[in-house]
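Okay, run.cif now, which holds mmCIF, C-alpha atoms and all ligand atoms:
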```
data_input
#
loop_
_atom_site.label_atom_id
_atom_site.label_comp_id
_atom_site.auth_asym_id
_atom_site.auth_seq_id
_atom_site.Cartn_x
_atom_site.Cartn_y
_atom_site.Cartn_z
CA MET A 100 10.87 16.84 14.86
CA ASN A 101 11.02 20.64 14.73
CA ILE A 102 7.28 21.40 14.69
CA ASN A 103 5.15 22.45 17.66
CA GLN A 104 2.49 19.97 18.77
CA LYS A 105 -0.17 22.71 18.45
CA THR A 106 0.74 23.13 14.81
CA ILE A 107 0.75 19.36 14.25
CA ASP A 108 -2.73 19.00 15.81
CA ALA A 109 -4.04 21.85 13.69
CA LEU A 110 -2.56 20.23 10.56
CA TYR A 111 -4.37 16.97 11.41
CA GLU A 112 -7.61 18.90 11.70
CA LEU A 113 -6.95 20.68 8.40
CA ILE A 114 -6.29 17.36 6.65
CA ASN A 115 -9.51 15.98 8.10
CA GLN A 116 -11.42 19.00 6.82
CA CYS A 117 -10.00 18.34 3.33
CA PHE A 118 -11.71 14.95 3.34
CA GLN A 119 -14.89 16.45 4.79
CA MET A 120 -14.92 18.96 1.92
CA ASN A 121 -14.32 16.19 -0.60
CA ARG A 122 -17.28 14.26 0.82
CA PHE A 123 -19.51 17.34 0.74
CA CYS A 124 -18.45 18.22 -2.77
CA ASP A 125 -18.71 14.70 -4.26
CA SER A 126 -22.17 14.41 -2.78
CA LEU A 127 -23.17 17.77 -4.22
CA VAL A 128 -22.01 17.02 -7.76
CA SER A 129 -23.83 13.70 -7.67
CA VAL A 130 -27.14 15.50 -7.02
CA LEU A 131 -26.27 18.11 -9.63
CA GLY A 132 -25.59 15.51 -12.31
CA VAL A 133 -28.39 13.05 -11.52
CA LYS A 134 -31.32 15.08 -10.16
CA PHE A 135 -30.79 18.23 -12.22
CA ALA A 136 -29.12 16.67 -15.30
CA MET A 137 -26.39 19.31 -15.23
CA ASN A 138 -23.69 16.94 -16.39
CA GLN A 139 -21.28 19.59 -17.66
CA THR A 140 -21.42 21.72 -14.51
CA SER A 141 -21.21 18.63 -12.32
CA ASP A 142 -18.17 17.40 -14.22
CA LYS A 143 -16.41 20.76 -14.03
CA ILE A 144 -16.95 21.13 -10.28
CA HIS A 145 -16.02 17.50 -9.75
CA LYS A 146 -12.90 16.99 -11.82
CA ASN A 147 -11.83 20.38 -13.10
CA GLY A 148 -10.57 22.01 -9.97
CA ILE A 149 -12.89 21.83 -6.97
CA CYS A 150 -13.84 18.40 -5.51
CA HIS A 151 -10.60 16.68 -6.38
CA TYR A 152 -8.54 19.64 -5.20
CA PHE A 153 -9.15 18.64 -1.58
CA PRO A 154 -7.63 15.14 -1.40
CA SER A 155 -4.72 16.42 -3.45
CA LEU A 156 -4.29 19.36 -1.02
CA SER A 157 -4.32 16.89 1.84
CA ASP A 158 -1.52 14.90 0.19
CA SER A 159 0.55 18.04 -0.35
CA ILE A 160 0.12 19.15 3.27
CA GLY A 161 0.86 15.68 4.64
CA ASP A 162 3.96 15.41 2.52
CA ALA A 163 5.46 18.90 2.91
CA CYS A 164 4.37 19.72 6.48
CA LEU A 165 4.38 16.40 8.34
CA GLU A 166 6.07 13.43 6.63
CA ARG A 167 9.07 15.53 5.64
CA TYR A 168 9.73 15.90 9.40
CA ASN A 169 9.12 12.24 10.17
CA ILE A 170 5.58 12.70 11.44
CA ILE A 171 2.93 10.18 10.43
CA VAL A 172 -0.30 11.60 9.02
CA LYS A 173 -3.37 10.74 11.10
CA TYR A 174 -6.66 10.52 9.25
CA GLY A 175 -9.82 11.24 11.25
CA ALA A 176 -13.42 10.32 10.46
CA THR A 177 -15.72 12.38 8.25
CA THR A 178 -19.40 13.04 8.95
CA GLU A 179 -22.41 12.67 6.67
CA GLU A 180 -23.14 15.44 4.16
CA PRO A 181 -26.48 16.34 2.49
CA SER A 182 -27.49 13.96 -0.31
CA ASP A 183 -30.34 16.06 -1.63
CA TYR A 184 -31.01 19.72 -2.47
CA ALA A 185 -34.18 21.54 -3.50
CA SER A 186 -32.64 23.72 -6.20
CA VAL A 187 -29.44 24.40 -8.13
CA THR A 188 -29.35 27.91 -6.65
CA GLU A 189 -29.31 26.41 -3.16
CA MET A 190 -26.44 24.11 -4.16
CA ILE A 191 -24.28 26.80 -5.70
CA GLU A 192 -24.88 29.07 -2.70
CA LYS A 193 -23.94 26.24 -0.34
CA LEU A 194 -20.80 25.51 -2.37
CA GLU A 195 -19.64 29.13 -2.09
CA GLU A 196 -20.45 29.23 1.64
CA ARG A 197 -18.53 26.03 2.42
CA LEU A 198 -15.52 27.07 0.34
CA ILE A 199 -15.30 30.42 2.12
CA GLU A 200 -15.62 28.65 5.48
CA PHE A 201 -12.79 26.33 4.49
CA GLN A 202 -10.66 29.27 3.32
CA ASN A 203 -11.16 30.97 6.70
CA MET A 204 -10.28 27.77 8.54
CA TYR A 205 -7.17 27.42 6.37
CA MET A 206 -6.11 30.98 7.23
CA GLY A 207 -6.65 30.15 10.91
CA MET A 208 -4.28 27.22 10.41
CA MET A 209 -1.70 29.52 8.82
CA LYS A 210 -2.01 31.82 11.83
CA ILE A 211 -1.47 28.95 14.28
CA SER A 212 1.71 27.90 12.48
CA PHE A 213 2.94 31.52 12.44
CA GLU A 214 2.18 32.16 16.10
CA ASN A 215 4.00 28.97 17.08
CA ASN A 216 7.04 30.06 15.10
CA ASP A 217 6.62 27.21 12.63
CA LEU A 218 7.53 29.46 9.74
CA HIS A 219 8.70 26.56 7.56
CA ILE A 220 5.13 25.21 7.75
CA TYR A 221 3.66 28.67 7.29
CA SER A 222 5.64 29.10 4.09
CA GLU A 223 4.34 25.80 2.62
CA LEU A 224 0.76 26.70 3.54
CA SER A 225 1.21 30.09 1.87
CA ASN A 226 2.07 28.32 -1.39
CA PHE A 227 -0.90 25.97 -1.25
CA ILE A 228 -3.49 28.68 -0.53
CA GLU A 229 -3.10 30.29 -3.97
CA GLU A 230 -5.10 27.57 -5.71
CA LEU A 231 -7.73 27.71 -2.98
CA ASN A 232 -8.13 31.45 -3.53
CA LYS A 233 -8.86 30.79 -7.22
CA ILE A 234 -11.43 28.14 -6.31
CA VAL A 235 -13.21 30.53 -3.95
CA GLY A 236 -13.20 33.15 -6.72
CA GLN A 237 -14.73 30.65 -9.15
CA SER A 238 -17.49 29.79 -6.67
CA ILE A 239 -18.34 33.47 -6.19
CA LEU A 240 -18.67 33.83 -9.96
CA LEU A 241 -20.86 30.71 -10.19
CA LYS A 242 -23.15 32.12 -7.51
CA ASP A 243 -23.46 35.45 -9.31
CA LYS A 244 -24.12 33.67 -12.62
CA ILE A 245 -26.85 31.39 -11.26
CA GLY A 246 -28.44 34.52 -9.79
CA TYR A 247 -28.64 36.12 -13.25
CA TYR A 248 -29.62 32.96 -15.16
CA GLY A 249 -32.27 31.99 -12.59
CA GLU A 250 -33.58 28.57 -11.62
CA ASP A 251 -35.76 28.33 -14.75
CA ARG A 252 -32.67 28.56 -16.98
CA ILE A 253 -30.38 26.01 -15.38
CA MET A 254 -30.06 24.14 -18.71
CA ASP A 255 -28.65 27.30 -20.34
CA PHE A 256 -26.30 27.73 -17.38
CA ASP A 257 -25.08 24.16 -17.91
CA HIS A 258 -24.74 24.70 -21.65
CA ASP A 259 -22.67 27.86 -21.17
CA ILE A 260 -20.48 26.71 -18.27
CA ASN A 261 -17.29 26.64 -20.37
CA ASN A 262 -17.60 30.38 -20.92
CA PHE A 263 -17.27 31.18 -17.25
CA TRP A 264 -15.08 28.35 -15.96
CA ASN A 265 -11.68 29.76 -14.99
CA LEU A 266 -9.91 26.89 -13.23
FE FE B 1 -14.70 12.45 -6.71
#
```
Encoding of this model in C-alpha cells:
Amino acid sequence: MNINQKTIDALYELINQCFQMNRFCDSLVSVLGVKFAMNQTSDKIHKNGICHYFPSLSDSIGDACLERYNIIVKYGATTEEPSDYASVTEMIEKLEERLIEFQNMYMGMMKISFENNDLHIYSELSNFIEELNKIVGQSILLKDKIGYYGEDRIMDFDHDINNFWNL
C-alpha cells in the first residue's frame, strides 16, 4: 500500500475535520443569512470559496492520498456546531479563528506525512494547501473590514462585499 499507518490515520482525521468545518460553516452562513439578513455575504462565504471548499478538499485528499493506493476512505462522525450568534462581528471573528485552527491542523498533517517519509502524500497536500491559504487570507480581511464598518453598519458591509471578496 506504500503509506505508513500513522499517515493514513492522520489523513482520516483530516478528512473528518473537513466535514466538521463544513458543518460549522454551513451553520454559520445560515445564521448570517436568516438572522442578520446578510444574504450576499452569506452566499459568498457559502458558495464562493469557503464552506463548499471543505467537502471538495476531502474528496481531493481521499482520491489522491488514499484511494489511489487502494485504501478505502473512512468517514467519522461530526459534532454539533453553534446555531446562533449574538453579532456579525462575533461570527466573522469565529470564522477566522476556526480557519486558522484548521490551517494549523493541516500543516500538522503535512508534517506527519513528511516525518513518516510519505513524501508522495506530502507533495499532494502541498498542492491542496494553496487554496486554503487564500481562504485564510480572505477571512483575515473580512475580520479587519467588519472591525472598520462596525456592527451598526452590517448592511453596508453586505452591500459592499463584492469589493473585498477575493476568492
Ligand atoms: Fe452548503
Fewer than 5 positions away in the same chain doesn't count, so skip those; otherwise give me all residues within 12 Å of segment 193-199 of chain A, counting all atoms listed in the file, as a PyMOL selection string.
-> chain A and resi 116-117+119-128+131+144-145+149-150+152-153+180-181+184-188+204-206+231-243+245
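Taking atom CA of Ala163 of chain A as the reference point, atom CA of Met208 of chain A is found at 14.8 Å.
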Using atom CA of Ser157 of chain A and atom CA of Asn115 of chain A as the two end points, give the distance in Å to one decimal.
->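 Result for atom CA of Ser157 of chain A versus atom CA of Asn115 of chain A: 8.2 Å, one decimal.
Atom CA of Glu230 of chain A lies 24.2 Å from atom CA of Phe256 of chain A.
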Write out as a ChimeraX atom specification each polymer residue whose atoms come within 12 Å of Ile220 of chain A, counting only C-alpha atoms; drop sequence neighbours fewer than 2 positions from it.
-> /A:101-103,106-107,109-110,159-168,208-218,222-227
Residue with smallest distance to ligand FE 1 (chain B) - pool A:Thr178, A:Ser129, A:Gln104, A:Asn262, counting only C-alpha atoms and all ligand atoms |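 Closest candidate: A:Ser129.
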Which residue out of A:Gly207, A:Asp108, A:Met137, A:Asp142 has the minimum interatomic distance to ligand FE 1 (chain B) when all atoms listed in the file are used?
->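 That would be A:Asp142, the residue with the smallest distance to ligand FE 1 (chain B).
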A:Gln202, A:Ser182, A:Asn147, A:Asn138 ranked by distance to ligand FE 1 (chain B), top pick (using only C-alpha atoms and all ligand atoms) =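 When distances to ligand FE 1 (chain B) are compared using only C-alpha atoms and all ligand atoms, the smallest one comes from A:Asn147.
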A:Lys143, A:Lys134, A:Lys105, A:His151 ranked by distance to ligand FE 1 (chain B), top pick (using all atoms listed in the file) = A:His151
Using all atoms listed in the file, pick whichever of A:Lys244, A:Arg252, A:His258, A:Lys146 has the shortest atom-to-atom distance to ligand FE 1 (chain B).
-> A:Lys146
